[in-house]
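Participant: Got a structure here, written out as structure tokens. Questions coming.
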Amino acid sequence: MPLIDIHVLEGVFSDEEKAQMIAGTAKAFGKVAGKSMQQATSVRVHEVKSGHWGGAESIWTTERALQLKADG
């Protein structure tokens, strides 16, 4: 069965937003793979501690992610 993992920084998304991510992601997958596959798809949201994720130029923090979210 398909398993989709989503990684986000901790403290950026509410429980309701994470539930929406889970449902929306499974539904989007189902649009491509079919209804039966959608029903068998599971989605996990993993929260990564602030400062434990980054790229070549910077370490990513919850504060920065919240600012990006606010900027839309």
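If you're wondering about the labels, chains in the structure tokens are A, B, ... by order shown, residues count from 1 in each chain, ligands from 1 in order shown.
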Do you know which residues are at most 12 Å from range 19-29 of chain A counting only C-alpha atoms, after dropping those on the same chain fewer than 3 positions away, and could you put them as a list in words?
Facilitator: Met1, Pro2, Leu3, Ile4, Asp5, Ile6, His7, Val8, Phe13, Ser14, Asp15, Glu16, Val32, Ala33, Gly34, Lys35, Ser36, Met37, Gln38, Gln39, Ala40, Thr41, Ser42, Val43, Arg44, Val45 and His46 of chain A
Participant: Go ahead and save the picked residues with C-alpha atoms, as a compact mmCIF listing (two decimals), in the first residue's frame.
Facilitator:
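Contents of again_13.txt, freshly written:
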```
# COMPACT_ATOMS: atom_id res chain seq x y z
CA MET A 1 0.00 0.00 0.00
CA PRO A 2 1.27 3.51 -0.72
CA LEU A 3 2.83 5.41 2.16
CA ILE A 4 3.50 9.13 1.76
CA ASP A 5 5.70 10.99 4.26
CA ILE A 6 5.55 14.76 4.75
CA HIS A 7 8.25 16.48 6.79
CA VAL A 8 7.61 19.90 8.35
CA PHE A 13 1.17 23.80 11.47
CA SER A 14 -1.79 23.18 13.75
CA ASP A 15 -3.28 19.72 14.25
CA GLU A 16 -6.16 20.76 11.98
CA VAL A 32 -3.88 9.90 -10.20
CA ALA A 33 -3.81 6.31 -8.95
CA GLY A 34 -7.55 5.63 -8.60
CA LYS A 35 -10.14 5.48 -5.83
CA SER A 36 -9.18 1.99 -4.62
CA MET A 37 -5.55 3.04 -4.29
CA GLN A 38 -6.60 6.24 -2.50
CA GLN A 39 -8.42 4.23 0.14
CA ALA A 40 -5.29 2.15 0.72
CA THR A 41 -2.96 5.15 0.94
CA SER A 42 -1.57 6.31 4.27
CA VAL A 43 0.10 9.64 4.93
CA ARG A 44 2.39 10.56 7.83
CA VAL A 45 3.37 14.03 8.95
CA HIS A 46 6.76 14.14 10.64
```
Participant: For Leu66 in chain A, list every protein, DNA or RNA residue within 10 Å, evaluated using only C-alpha atoms, and leave out those in the same chain fewer than 5 positions away; present the list as a ChimeraX atom specification.
Facilitator: /A:9,11-13,61,71-72
Participant: Just write the chosen residues, C-alpha atoms, as an mmCIF file, in the first residue's frame.
Facilitator:
```cif
data_model
loop_
_atom_site.group_PDB
_atom_site.id
_atom_site.type_symbol
_atom_site.label_atom_id
_atom_site.label_comp_id
_atom_site.auth_asym_id
_atom_site.auth_seq_id
_atom_site.Cartn_x
_atom_site.Cartn_y
_atom_site.Cartn_z
ATOM 1 C CA LEU A 9 9.284 21.944 11.029
ATOM 2 C CA GLY A 11 5.298 24.241 15.620
ATOM 3 C CA VAL A 12 4.450 25.591 12.170
ATOM 4 C CA PHE A 13 1.174 23.796 11.467
ATOM 5 C CA THR A 61 14.001 27.277 11.925
ATOM 6 C CA ASP A 71 3.879 35.743 3.776
ATOM 7 C CA GLY A 72 1.615 33.285 1.920
#
```
Participant: Could you check how far CA of Ala65 in chain A sits from CA of Glu17 in chain A, in Å to one decimal?
Facilitator: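 For CA of Ala65 in chain A relative to CA of Glu17 in chain A, the distance reads 14.5 Å.
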Participant: Between CA of Ser50 in chain A and CA of Thr62 in chain A, measure the distance and give it in Å to one decimal.
Facilitator: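 Distance between the two atoms: 5.2 Å.
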Participant: Could you tell me how far CA of Lys69 in chain A lies from CA of Lys31 in chain A, in Å and to one decimal?
Facilitator: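 Rounded to one decimal, the two atoms are 26.5 Å apart.
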